[in-house]
Structures are given as structure tokens and as C-alpha cells.
>>> print(open('protein-v1.txt').read())   # compact mmCIF, C-alpha atoms and all ligand atoms
# COMPACT_ATOMS: atom_id res chain seq x y z
CA MET E 1 -39.44 70.02 -7.42
CA LYS E 2 -42.54 68.05 -6.66
CA THR E 3 -42.87 69.73 -3.26
CA TYR E 4 -42.19 73.14 -4.82
CA GLY E 5 -44.83 72.48 -7.49
CA ARG E 6 -47.42 71.51 -4.91
CA LEU E 7 -46.58 74.62 -2.88
CA MET E 8 -47.01 76.88 -5.91
CA CYS E 9 -50.26 75.14 -6.74
CA ALA E 10 -51.53 75.66 -3.19
CA LEU E 11 -50.52 79.33 -3.27
CA ALA E 12 -52.32 79.80 -6.58
CA LEU E 13 -55.47 78.22 -5.15
CA MET E 14 -55.29 80.47 -2.09
CA ALA E 15 -54.89 83.54 -4.29
CA ALA E 16 -57.88 82.49 -6.38
CA ALA E 17 -59.91 81.91 -3.22
CA ALA E 18 -58.94 85.37 -1.93
CA ILE E 19 -60.06 87.00 -5.17
CA THR E 20 -63.34 85.08 -5.04
CA PHE E 21 -63.84 86.08 -1.41
CA THR E 22 -63.15 89.74 -2.22
CA ALA E 23 -65.64 89.61 -5.08
CA CYS E 24 -68.28 88.03 -2.83
CA ALA E 25 -67.64 90.58 -0.11
CA THR E 26 -68.02 93.42 -2.62
CA THR E 27 -71.35 92.01 -3.82
CA ALA E 28 -72.53 91.56 -0.26
CA ASN E 29 -71.57 95.15 0.56
CA ALA E 30 -73.51 96.43 -2.42
CA GLN E 31 -76.55 94.43 -1.31
CA THR E 32 -76.21 95.75 2.24
CA LYS E 33 -76.08 99.28 0.91
CA GLN E 34 -79.20 98.70 -1.17
CA THR E 35 -81.18 97.14 1.65
CA GLY E 36 -79.69 99.64 4.09
CA ALA E 37 -81.85 102.34 2.46
CA LYS E 38 -84.86 100.32 3.72
CA LYS E 39 -87.09 101.09 0.80
CA LYS E 40 -90.61 99.80 1.10
CA VAL E 41 -91.54 97.21 -1.50
CA VAL E 42 -94.63 97.05 -3.69
CA VAL E 43 -95.03 94.10 -6.03
CA VAL E 44 -97.32 94.62 -9.02
CA TRP E 45 -98.48 91.20 -10.22
CA SER E 46 -100.38 90.32 -13.38
CA GLU E 47 -100.87 87.29 -15.60
CA GLY E 48 -99.80 88.58 -19.00
CA THR E 49 -103.16 88.19 -20.74
CA ALA E 50 -103.92 91.85 -21.52
CA PRO E 51 -103.76 92.73 -25.23
CA LYS E 52 -100.30 93.98 -26.22
CA LYS E 53 -101.75 96.75 -28.36
CA VAL E 54 -103.28 98.30 -25.25
CA TYR E 55 -100.66 97.24 -22.69
CA PRO E 56 -97.32 96.59 -24.45
CA ASN E 57 -95.69 95.75 -21.09
CA ASP E 58 -98.81 94.19 -19.62
CA ILE E 59 -100.92 95.82 -16.92
CA ASN E 60 -98.33 95.38 -14.20
CA GLY E 61 -95.79 97.21 -16.38
CA ALA E 62 -98.13 100.17 -16.88
CA ILE E 63 -98.96 100.42 -13.18
CA ALA E 64 -95.32 100.00 -12.16
CA ASP E 65 -94.30 102.93 -14.40
CA ALA E 66 -96.94 105.10 -12.72
CA LEU E 67 -95.87 104.08 -9.23
CA LYS E 68 -92.18 104.66 -9.97
CA ALA E 69 -93.01 108.20 -11.11
CA ASP E 70 -95.10 109.00 -8.02
CA LEU E 71 -93.83 107.04 -5.03
CA LYS E 72 -90.69 108.12 -3.21
CA GLY E 73 -88.90 105.61 -1.02
CA TRP E 74 -90.53 102.61 -2.65
CA GLU E 75 -89.00 99.80 -4.67
CA VAL E 76 -91.50 98.86 -7.37
CA VAL E 77 -91.24 95.25 -8.55
CA THR E 78 -93.22 93.65 -11.38
CA ALA E 79 -94.12 89.98 -11.11
CA SER E 80 -96.02 87.60 -13.37
CA ILE E 81 -97.56 84.17 -13.18
CA ASN E 82 -95.06 83.29 -15.94
CA ASP E 83 -92.04 84.03 -13.71
CA PRO E 84 -90.38 81.32 -11.59
CA GLU E 85 -92.49 80.44 -8.55
CA GLN E 86 -95.35 82.32 -10.22
CA GLY E 87 -93.52 85.59 -9.59
CA LEU E 88 -93.53 85.42 -5.81
CA PRO E 89 -90.65 83.43 -4.35
CA ASP E 90 -90.55 83.51 -0.54
CA ALA E 91 -87.59 85.91 -0.53
CA LEU E 92 -89.69 88.52 -2.39
CA LEU E 93 -93.02 87.82 -0.69
CA ASN E 94 -91.46 88.08 2.75
CA ARG E 95 -90.07 91.57 2.12
CA CYS E 96 -93.14 92.80 0.23
CA ASP E 97 -95.14 95.55 1.98
CA VAL E 98 -97.97 95.83 -0.54
CA ILE E 99 -99.04 93.59 -3.41
CA MET E 100 -101.23 94.72 -6.32
CA TRP E 101 -102.95 91.97 -8.29
CA TRP E 102 -104.53 91.93 -11.75
CA GLY E 103 -105.83 88.51 -12.77
CA HIS E 104 -108.52 87.35 -15.18
CA LYS E 105 -108.07 84.15 -17.19
CA LYS E 106 -105.54 82.33 -15.05
CA HIS E 107 -107.09 82.44 -11.58
CA ASP E 108 -107.24 78.64 -11.40
CA LEU E 109 -103.57 78.25 -12.30
CA VAL E 110 -102.36 80.16 -9.25
CA LYS E 111 -101.12 77.56 -6.81
CA ASP E 112 -103.09 77.09 -3.60
CA GLU E 113 -99.82 77.00 -1.68
CA LEU E 114 -98.92 80.48 -2.96
CA VAL E 115 -102.41 81.79 -2.16
CA ALA E 116 -102.06 80.50 1.41
CA LYS E 117 -98.68 82.24 1.78
CA ILE E 118 -100.09 85.56 0.53
CA VAL E 119 -103.12 85.35 2.82
CA LYS E 120 -100.83 84.63 5.78
CA ARG E 121 -98.59 87.60 4.88
CA VAL E 122 -101.68 89.86 4.80
CA LYS E 123 -103.56 88.57 7.83
CA GLU E 124 -100.59 87.92 10.11
CA GLY E 125 -97.83 90.06 8.64
CA GLY E 126 -99.96 93.12 7.78
CA MET E 127 -99.01 93.19 4.08
CA GLY E 128 -101.43 95.31 2.03
CA PHE E 129 -103.43 93.75 -0.83
CA ILE E 130 -104.88 95.70 -3.75
CA GLY E 131 -107.17 93.79 -6.10
CA LEU E 132 -107.94 95.25 -9.51
CA HIS E 133 -110.99 94.66 -11.72
CA SER E 134 -111.31 90.95 -12.65
CA THR E 135 -109.18 90.08 -9.64
CA HIS E 136 -112.51 89.92 -7.79
CA PHE E 137 -112.57 86.19 -8.67
CA ALA E 138 -108.89 85.57 -7.90
CA LYS E 139 -108.39 82.80 -5.35
CA VAL E 140 -106.42 85.14 -3.13
CA ASN E 141 -109.14 87.81 -3.20
CA LYS E 142 -111.86 85.28 -2.34
CA ALA E 143 -109.72 83.88 0.47
CA LEU E 144 -109.07 87.32 1.94
CA MET E 145 -112.71 88.37 1.71
CA GLY E 146 -114.08 85.01 2.86
CA ASP E 147 -116.97 85.50 0.45
CA ALA E 148 -118.11 84.64 -3.11
CA CYS E 149 -116.79 87.93 -4.51
CA SER E 150 -119.19 87.70 -7.47
CA TRP E 151 -120.77 90.75 -9.10
CA GLY E 152 -124.46 90.74 -10.01
CA ASP E 153 -123.67 90.79 -13.73
CA TYR E 154 -120.97 91.51 -16.29
CA LYS E 155 -121.94 93.40 -19.44
CA GLY E 156 -119.85 94.58 -22.37
CA ASP E 157 -122.29 97.33 -23.32
CA SER E 158 -120.92 100.51 -21.72
CA THR E 159 -119.04 103.43 -23.21
CA THR E 160 -117.74 105.35 -20.21
CA VAL E 161 -117.85 105.37 -16.44
CA ASP E 162 -118.06 108.51 -14.31
CA ILE E 163 -116.13 107.90 -11.12
CA THR E 164 -117.06 110.08 -8.18
CA VAL E 165 -115.08 110.72 -5.03
CA LYS E 166 -117.46 109.80 -2.19
CA ASP E 167 -115.06 110.53 0.65
CA ALA E 168 -112.59 113.29 -0.16
CA THR E 169 -110.95 112.85 3.25
CA HIS E 170 -109.99 109.26 2.52
CA PRO E 171 -106.23 108.86 1.86
CA ILE E 172 -106.86 106.96 -1.40
CA ALA E 173 -108.88 109.92 -2.72
CA LYS E 174 -106.18 112.48 -1.94
CA GLY E 175 -105.71 114.79 -4.92
CA VAL E 176 -108.39 113.00 -6.95
CA LYS E 177 -111.48 114.78 -8.31
CA ASP E 178 -114.49 113.24 -10.06
CA PHE E 179 -113.42 111.96 -13.48
CA GLN E 180 -114.59 109.98 -16.49
CA ILE E 181 -112.83 107.15 -18.31
CA VAL E 182 -113.67 104.97 -21.28
CA GLN E 183 -114.80 101.59 -19.96
CA ASN E 184 -116.52 99.09 -22.22
CA GLU E 185 -117.29 96.51 -19.60
CA ARG E 186 -119.37 97.10 -16.51
CA TYR E 187 -119.87 95.00 -13.45
CA LYS E 188 -123.23 95.39 -11.75
CA GLU E 189 -124.09 95.42 -8.08
CA PRO E 190 -124.46 93.58 -5.84
CA TYR E 191 -120.83 92.71 -5.16
CA ALA E 192 -120.84 89.72 -2.79
CA VAL E 193 -118.27 90.83 -0.23
CA PRO E 194 -118.32 91.75 3.46
CA THR E 195 -119.52 95.27 4.21
CA PRO E 196 -116.54 97.51 3.44
CA GLU E 197 -115.06 99.82 6.04
CA ALA E 198 -114.95 102.62 3.49
CA VAL E 199 -116.10 103.25 -0.07
CA PRO E 200 -114.02 106.19 -1.29
CA PHE E 201 -115.25 105.88 -4.90
CA GLU E 202 -118.53 105.17 -6.62
CA GLY E 203 -119.33 105.09 -10.32
CA VAL E 204 -122.08 105.42 -12.89
CA TYR E 205 -121.72 103.69 -16.26
CA THR E 206 -123.14 105.16 -19.45
CA LEU E 207 -124.45 102.52 -21.82
CA ARG E 208 -124.38 102.61 -25.61
CA GLY E 209 -127.51 104.60 -26.46
CA GLY E 210 -127.05 106.88 -23.45
CA ALA E 211 -128.86 105.09 -20.61
CA LYS E 212 -127.18 105.06 -17.20
CA ASP E 213 -126.54 102.12 -14.90
CA PRO E 214 -127.39 102.89 -11.25
CA VAL E 215 -124.62 103.98 -8.89
CA MET E 216 -122.24 101.22 -7.91
CA ARG E 217 -119.24 100.87 -5.66
CA MET E 218 -115.95 101.42 -7.50
CA GLY E 219 -113.39 101.54 -4.70
CA LEU E 220 -113.82 99.56 -1.47
CA CYS E 221 -111.65 99.17 1.64
CA TRP E 222 -111.41 96.47 4.31
CA HIS E 223 -109.01 94.96 6.79
CA ALA E 224 -108.17 91.25 6.56
CA GLY E 225 -106.52 90.43 9.85
CA LYS E 226 -103.66 92.91 10.26
CA GLY E 227 -103.54 93.85 6.56
CA LYS E 228 -105.45 96.43 4.57
CA CYS E 229 -107.27 95.50 1.36
CA PHE E 230 -108.49 97.78 -1.42
CA TYR E 231 -110.48 96.75 -4.49
CA PHE E 232 -110.87 98.96 -7.56
CA GLN E 233 -113.53 97.90 -10.03
CA ALA E 234 -112.44 99.64 -13.25
CA GLY E 235 -109.53 98.25 -15.24
CA HIS E 236 -110.85 96.18 -18.14
CA GLU E 237 -107.94 94.95 -20.23
CA THR E 238 -109.10 96.34 -23.60
CA ASN E 239 -109.37 99.86 -22.16
CA PRO E 240 -106.28 101.93 -21.26
CA THR E 241 -107.59 102.49 -17.71
CA PHE E 242 -104.20 102.28 -16.02
CA PHE E 243 -102.73 105.02 -18.22
CA ASP E 244 -105.30 107.53 -16.95
CA ASN E 245 -103.74 110.12 -14.64
CA ASN E 246 -106.57 109.89 -12.09
CA VAL E 247 -106.33 106.10 -11.94
CA LYS E 248 -102.55 106.34 -11.66
CA LYS E 249 -103.00 108.68 -8.67
CA ILE E 250 -105.48 106.27 -7.08
CA MET E 251 -103.00 103.39 -7.52
CA ALA E 252 -100.19 105.35 -5.85
CA ASN E 253 -102.46 106.53 -3.04
CA ALA E 254 -103.72 102.99 -2.48
CA VAL E 255 -100.19 101.64 -2.10
CA GLN E 256 -99.38 104.24 0.56
CA TRP E 257 -102.69 103.63 2.34
CA ALA E 258 -102.13 99.85 2.35
CA ASP E 259 -98.57 100.22 3.65
CA PRO E 260 -98.46 98.25 6.94
CA ALA E 261 -96.57 101.16 8.51
CA SER E 262 -99.70 103.30 8.06
CA ASN E 263 -101.85 101.03 10.27
ZN ZN B 301 -112.72 93.00 -17.77
>>> encode(input="protein-v1.txt", output="C-alpha cells")
Amino acid sequence: MKTYGRLMCALALMAAAAITFTACATTANAQTKQTGAKKKVVVVWSEGTAPKKVYPNDINGAIADALKADLKGWEVVTASINDPEQGLPDALLNRCDVIMWWGHKKHDLVKDELVAKIVKRVKEGGMGFIGLHSTHFAKVNKALMGDACSWGDYKGDSTTVDITVKDATHPIAKGVKDFQIVQNERYKEPYAVPTPEAVPFEGVYTLRGGAKDPVMRMGLCWHAGKGKCFYFQAGHETNPTFFDNNVKKIMANAVQWADPASN
């Protein structure tokens, strides 16, 4: 009986192992099918400091919704500094084609090791990088630009900004006409960055009382190594900038422009 019992026990273990193996194989097949579609990947990263009454799902959530509605053949992933590995584990970063970044209060908390990995993915791997508004001072933006990335001044005295399309032939301006958005914070030139390869958008702020700020650069393009970089100046967290249809179009266009396959 003892031998029989051991045999039955062994058979039961083998059956359990077979079920487990089948389950694993099924999961693996599903993953293969998903990756088999070879969707491009855009990661929209933000730090979770935007006011909930303006951005209930933070800025990355708002942008991700816009991208999902517009981009075909793209997997849109949201990531946050509050997620494990600050939202960008190697497995995600290494399959990411374009990263969009909105940071403001937590620049210093982003780990230098992560910044180095992102810069390497852009410069050597060709990943696109899109920096939004206060991201100008993000460690990763400064590292990619190799410059101070400071604006001449920062004033909370504006009512609106008129954004003009300076180069209608630029892919990021496709389908975008001049438009106006509410924007209660303005950055002033000069922006301390290398000379951009293209400036598809400029802007003029209207101040409370009606005066105008001189023309400034609103959308700027560079290469950093093999990767493309785009910076968009508007996007203050107390204004619903990323719900504007024109801005949503610019975000979707920028992702496709920064796609390494478009180089
Ligand atoms: Zn701001």
C-alpha cells in the first residue's frame, strides 16, 4: 500500500504540474499574440502634483486619453513617479518608442540612475522625448539638452496665450491652425537651450489689463543623438491645457514625429 500511495501521490503531482504548465503556456501564448501585433509604445509620465479639480486623473491621464482616441497602432501607457521604479522599470523603458514627461515639483526626486537610462535610450536607442511645460527643469530634459534650460522669467499674470503655427509643413503642426487657450502663467524668453532645428509654434501672451508679451517660442524641436526631442511650453497645471483639442492634436502629432521609425 505504501508503494501504491507514493505512486498515486506522484501521479497527482504530475497532473498538477501539467495543469500549471498548460496555464503558463496559455498565458505565454496570449502575451505572444499581444506583442505579435507589434504596437508602438508611448509612455506618458507625470508626477501626480496637478490639482485634482483640473486633472482628476493627473496630466498623464488626460494626455493618455487624447492619444488613445487619436493614435492607431500605439499602446498608450501612463506612468508616475509614485509607481514602482518611478514608473519606468527596464522592461517598459526598453520597449518604449516615445516618452512624454510632465514634471514640476519633484524633479529632484527622480533618480539619477533612471535619468541616465532614459538619456541612453534617447541618444543611443533613438527613443523620442517630449517635454511639457515645467519639464524644462527636469533632470532628464537638462541632460538631453546639455544646457541650463532656464526661461528668462516666470510670471503668473497672463490671461490667455495665442499660439501660432510658424511652420505649417512641420509634421507636429499637421491639422493645427492658430488657436488661443487660457494660460495664467507665462514663461519669458530667452529659453537657455541649444538652437532648435525647428520651431513649429510661437506664442503671444495677453496680460491682465490687456498688454501683450513679445513673441516667444512655444514648440521647439531637436535631435539628441539618435532620438528626437520636442518641447511644448504651455501646460500649466491649474489650466486645462491638455483638454484643448488643438493641444491634444499637437500631442498626438508629436508622438508620431518622435517615433524612432520616422527618423
Ligand atoms: Zn506652470
>>> residues_near_ligand(input="protein-v1.txt", ligand="ligand ZN 301 (chain B)", cutoff="7 Å", atoms="all atoms listed in the file", output="ChimeraX atom specification")
/E:133-134,185,235-237
>>> atom_distance(input="protein-v1.txt", atom1="atom CA of E:Ala252", atom2="atom CA of E:Thr164")
17.7 Å
>>> closest_atom_pairs(input="protein-v1.txt", of="stretch 122-205 of chain E", to="stretch 93-98 of chain E", cutoff="7 Å", atoms="all atoms listed in the file", output="tab-separated table")
residue	atom	partner	partner_atom	distance
E:Met127	CA	E:Asp97	CA	5.0
E:Gly128	CA	E:Val98	CA	4.3
E:Phe129	CA	E:Val98	CA	5.8
>>> atom_distance(input="protein-v1.txt", atom1="atom CA of E:Asp58", atom2="atom CA of E:Pro196")
29.3 Å
>>> closest_residue(input="protein-v1.txt", among="E:Val215, E:Gln180, E:Tyr231, E:Lys52", to="E:Glu197", atoms="only C-alpha atoms")
E:Tyr231
>>> atom_distance(input="protein-v1.txt", atom1="atom CA of E:Thr206", atom2="atom CA of E:Thr159")
5.8 Å
>>> residues_near_point(input="protein-v1.txt", point="(-122.6, 89.9, -12.5)", cutoff="10 Å", atoms="only C-alpha atoms", output="list in words")
Ser150, Trp151, Gly152, Asp153, Tyr154, Lys155, Arg186, Tyr187, Lys188, Glu189, Pro190, Tyr191 and Ala192 of chain E
>>> axis_aligned_box(input="protein-v1.txt", around="stretch 120-125 of chain E", padding_each_side="4 Å", output="JSON")
{"center_x": -100.7, "center_y": 87.3, "center_z": 7.5, "size_x": 13.7, "size_y": 13.4, "size_z": 13.3}
>>> build_atoms(input="protein-v1.txt", residues="stretch 40-72 of chain E", atoms="N, CA and C atoms", output="PDB file, in the coordinates of the input")
ATOM      1  N   LYS E  40     -89.433 100.663   1.034  1.00  0.00           N
ATOM      2  CA  LYS E  40     -90.610  99.800   1.100  1.00  0.00           C
ATOM      3  C   LYS E  40     -90.752  99.112  -0.264  1.00  0.00           C
ATOM      4  N   VAL E  41     -91.451  97.994  -0.269  1.00  0.00           N
ATOM      5  CA  VAL E  41     -91.540  97.210  -1.500  1.00  0.00           C
ATOM      6  C   VAL E  41     -92.999  97.003  -1.905  1.00  0.00           C
ATOM      7  N   VAL E  42     -93.322  97.391  -3.126  1.00  0.00           N
ATOM      8  CA  VAL E  42     -94.630  97.050  -3.690  1.00  0.00           C
ATOM      9  C   VAL E  42     -94.391  96.137  -4.886  1.00  0.00           C
ATOM     10  N   VAL E  43     -95.106  95.025  -4.907  1.00  0.00           N
ATOM     11  CA  VAL E  43     -95.030  94.100  -6.030  1.00  0.00           C
ATOM     12  C   VAL E  43     -96.315  94.236  -6.843  1.00  0.00           C
ATOM     13  N   VAL E  44     -96.166  94.516  -8.134  1.00  0.00           N
ATOM     14  CA  VAL E  44     -97.320  94.620  -9.020  1.00  0.00           C
ATOM     15  C   VAL E  44     -97.356  93.339  -9.868  1.00  0.00           C
ATOM     16  N   TRP E  45     -98.384  92.541  -9.621  1.00  0.00           N
ATOM     17  CA  TRP E  45     -98.480  91.200 -10.220  1.00  0.00           C
ATOM     18  C   TRP E  45     -99.580  91.195 -11.276  1.00  0.00           C
ATOM     19  N   SER E  46     -99.306  90.584 -12.418  1.00  0.00           N
ATOM     20  CA  SER E  46    -100.380  90.320 -13.380  1.00  0.00           C
ATOM     21  C   SER E  46    -100.036  89.076 -14.174  1.00  0.00           C
ATOM     22  N   GLU E  47    -101.003  88.622 -14.986  1.00  0.00           N
ATOM     23  CA  GLU E  47    -100.870  87.290 -15.600  1.00  0.00           C
ATOM     24  C   GLU E  47    -100.501  87.330 -17.069  1.00  0.00           C
ATOM     25  N   GLY E  48    -100.283  88.512 -17.614  1.00  0.00           N
ATOM     26  CA  GLY E  48     -99.800  88.580 -19.000  1.00  0.00           C
ATOM     27  C   GLY E  48    -100.845  88.294 -20.060  1.00  0.00           C
ATOM     28  N   THR E  49    -102.131  88.486 -19.742  1.00  0.00           N
ATOM     29  CA  THR E  49    -103.160  88.190 -20.740  1.00  0.00           C
ATOM     30  C   THR E  49    -103.808  89.440 -21.333  1.00  0.00           C
ATOM     31  N   ALA E  50    -103.350  90.616 -20.935  1.00  0.00           N
ATOM     32  CA  ALA E  50    -103.920  91.850 -21.520  1.00  0.00           C
ATOM     33  C   ALA E  50    -103.386  92.019 -22.938  1.00  0.00           C
ATOM     34  N   PRO E  51    -104.222  92.574 -23.843  1.00  0.00           N
ATOM     35  CA  PRO E  51    -103.760  92.730 -25.230  1.00  0.00           C
ATOM     36  C   PRO E  51    -102.538  93.659 -25.324  1.00  0.00           C
ATOM     37  N   LYS E  52    -101.561  93.212 -26.102  1.00  0.00           N
ATOM     38  CA  LYS E  52    -100.300  93.980 -26.220  1.00  0.00           C
ATOM     39  C   LYS E  52    -100.524  95.344 -26.857  1.00  0.00           C
ATOM     40  N   LYS E  53    -101.552  95.451 -27.700  1.00  0.00           N
ATOM     41  CA  LYS E  53    -101.750  96.750 -28.360  1.00  0.00           C
ATOM     42  C   LYS E  53    -102.263  97.801 -27.379  1.00  0.00           C
ATOM     43  N   VAL E  54    -102.852  97.362 -26.286  1.00  0.00           N
ATOM     44  CA  VAL E  54    -103.280  98.300 -25.250  1.00  0.00           C
ATOM     45  C   VAL E  54    -102.210  98.407 -24.156  1.00  0.00           C
ATOM     46  N   TYR E  55    -101.679  97.275 -23.753  1.00  0.00           N
ATOM     47  CA  TYR E  55    -100.660  97.240 -22.690  1.00  0.00           C
ATOM     48  C   TYR E  55     -99.414  96.506 -23.195  1.00  0.00           C
ATOM     49  N   PRO E  56     -98.518  97.240 -23.882  1.00  0.00           N
ATOM     50  CA  PRO E  56     -97.320  96.590 -24.450  1.00  0.00           C
ATOM     51  C   PRO E  56     -96.492  95.858 -23.390  1.00  0.00           C
ATOM     52  N   ASN E  57     -96.463  96.384 -22.178  1.00  0.00           N
ATOM     53  CA  ASN E  57     -95.690  95.750 -21.090  1.00  0.00           C
ATOM     54  C   ASN E  57     -96.635  95.167 -20.042  1.00  0.00           C
ATOM     55  N   ASP E  58     -97.761  94.751 -20.466  1.00  0.00           N
ATOM     56  CA  ASP E  58     -98.810  94.190 -19.620  1.00  0.00           C
ATOM     57  C   ASP E  58     -99.290  95.233 -18.587  1.00  0.00           C
ATOM     58  N   ILE E  59    -100.312  94.871 -17.861  1.00  0.00           N
ATOM     59  CA  ILE E  59    -100.920  95.820 -16.920  1.00  0.00           C
ATOM     60  C   ILE E  59     -99.981  96.110 -15.759  1.00  0.00           C
ATOM     61  N   ASN E  60     -99.248  95.103 -15.319  1.00  0.00           N
ATOM     62  CA  ASN E  60     -98.330  95.380 -14.200  1.00  0.00           C
ATOM     63  C   ASN E  60     -97.241  96.367 -14.625  1.00  0.00           C
ATOM     64  N   GLY E  61     -96.805  96.281 -15.890  1.00  0.00           N
ATOM     65  CA  GLY E  61     -95.790  97.210 -16.380  1.00  0.00           C
ATOM     66  C   GLY E  61     -96.292  98.645 -16.390  1.00  0.00           C
ATOM     67  N   ALA E  62     -97.545  98.829 -16.835  1.00  0.00           N
ATOM     68  CA  ALA E  62     -98.130 100.170 -16.880  1.00  0.00           C
ATOM     69  C   ALA E  62     -98.276 100.750 -15.464  1.00  0.00           C
ATOM     70  N   ILE E  63     -98.777  99.935 -14.553  1.00  0.00           N
ATOM     71  CA  ILE E  63     -98.960 100.420 -13.180  1.00  0.00           C
ATOM     72  C   ILE E  63     -97.604 100.699 -12.523  1.00  0.00           C
ATOM     73  N   ALA E  64     -96.644  99.813 -12.765  1.00  0.00           N
ATOM     74  CA  ALA E  64     -95.320 100.000 -12.160  1.00  0.00           C
ATOM     75  C   ALA E  64     -94.697 101.320 -12.626  1.00  0.00           C
ATOM     76  N   ASP E  65     -94.846 101.658 -13.907  1.00  0.00           N
ATOM     77  CA  ASP E  65     -94.300 102.930 -14.400  1.00  0.00           C
ATOM     78  C   ASP E  65     -94.938 104.106 -13.654  1.00  0.00           C
ATOM     79  N   ALA E  66     -96.245 104.022 -13.435  1.00  0.00           N
ATOM     80  CA  ALA E  66     -96.940 105.100 -12.720  1.00  0.00           C
ATOM     81  C   ALA E  66     -96.466 105.194 -11.277  1.00  0.00           C
ATOM     82  N   LEU E  67     -96.298 104.069 -10.638  1.00  0.00           N
ATOM     83  CA  LEU E  67     -95.870 104.080  -9.230  1.00  0.00           C
ATOM     84  C   LEU E  67     -94.448 104.609  -9.095  1.00  0.00           C
ATOM     85  N   LYS E  68     -93.579 104.197 -10.029  1.00  0.00           N
ATOM     86  CA  LYS E  68     -92.180 104.660  -9.970  1.00  0.00           C
ATOM     87  C   LYS E  68     -92.118 106.176 -10.098  1.00  0.00           C
ATOM     88  N   ALA E  69     -93.016 106.750 -10.893  1.00  0.00           N
ATOM     89  CA  ALA E  69     -93.010 108.200 -11.110  1.00  0.00           C
ATOM     90  C   ALA E  69     -93.555 108.957  -9.908  1.00  0.00           C
ATOM     91  N   ASP E  70     -94.378 108.291  -9.097  1.00  0.00           N
ATOM     92  CA  ASP E  70     -95.100 109.000  -8.020  1.00  0.00           C
ATOM     93  C   ASP E  70     -94.576 108.688  -6.624  1.00  0.00           C
ATOM     94  N   LEU E  71     -94.155 107.454  -6.394  1.00  0.00           N
ATOM     95  CA  LEU E  71     -93.830 107.040  -5.030  1.00  0.00           C
ATOM     96  C   LEU E  71     -92.339 107.235  -4.728  1.00  0.00           C
ATOM     97  N   LYS E  72     -92.071 107.952  -3.660  1.00  0.00           N
ATOM     98  CA  LYS E  72     -90.690 108.120  -3.210  1.00  0.00           C
ATOM     99  C   LYS E  72     -90.436 107.129  -2.077  1.00  0.00           C
TER     100      LYS E  72
END
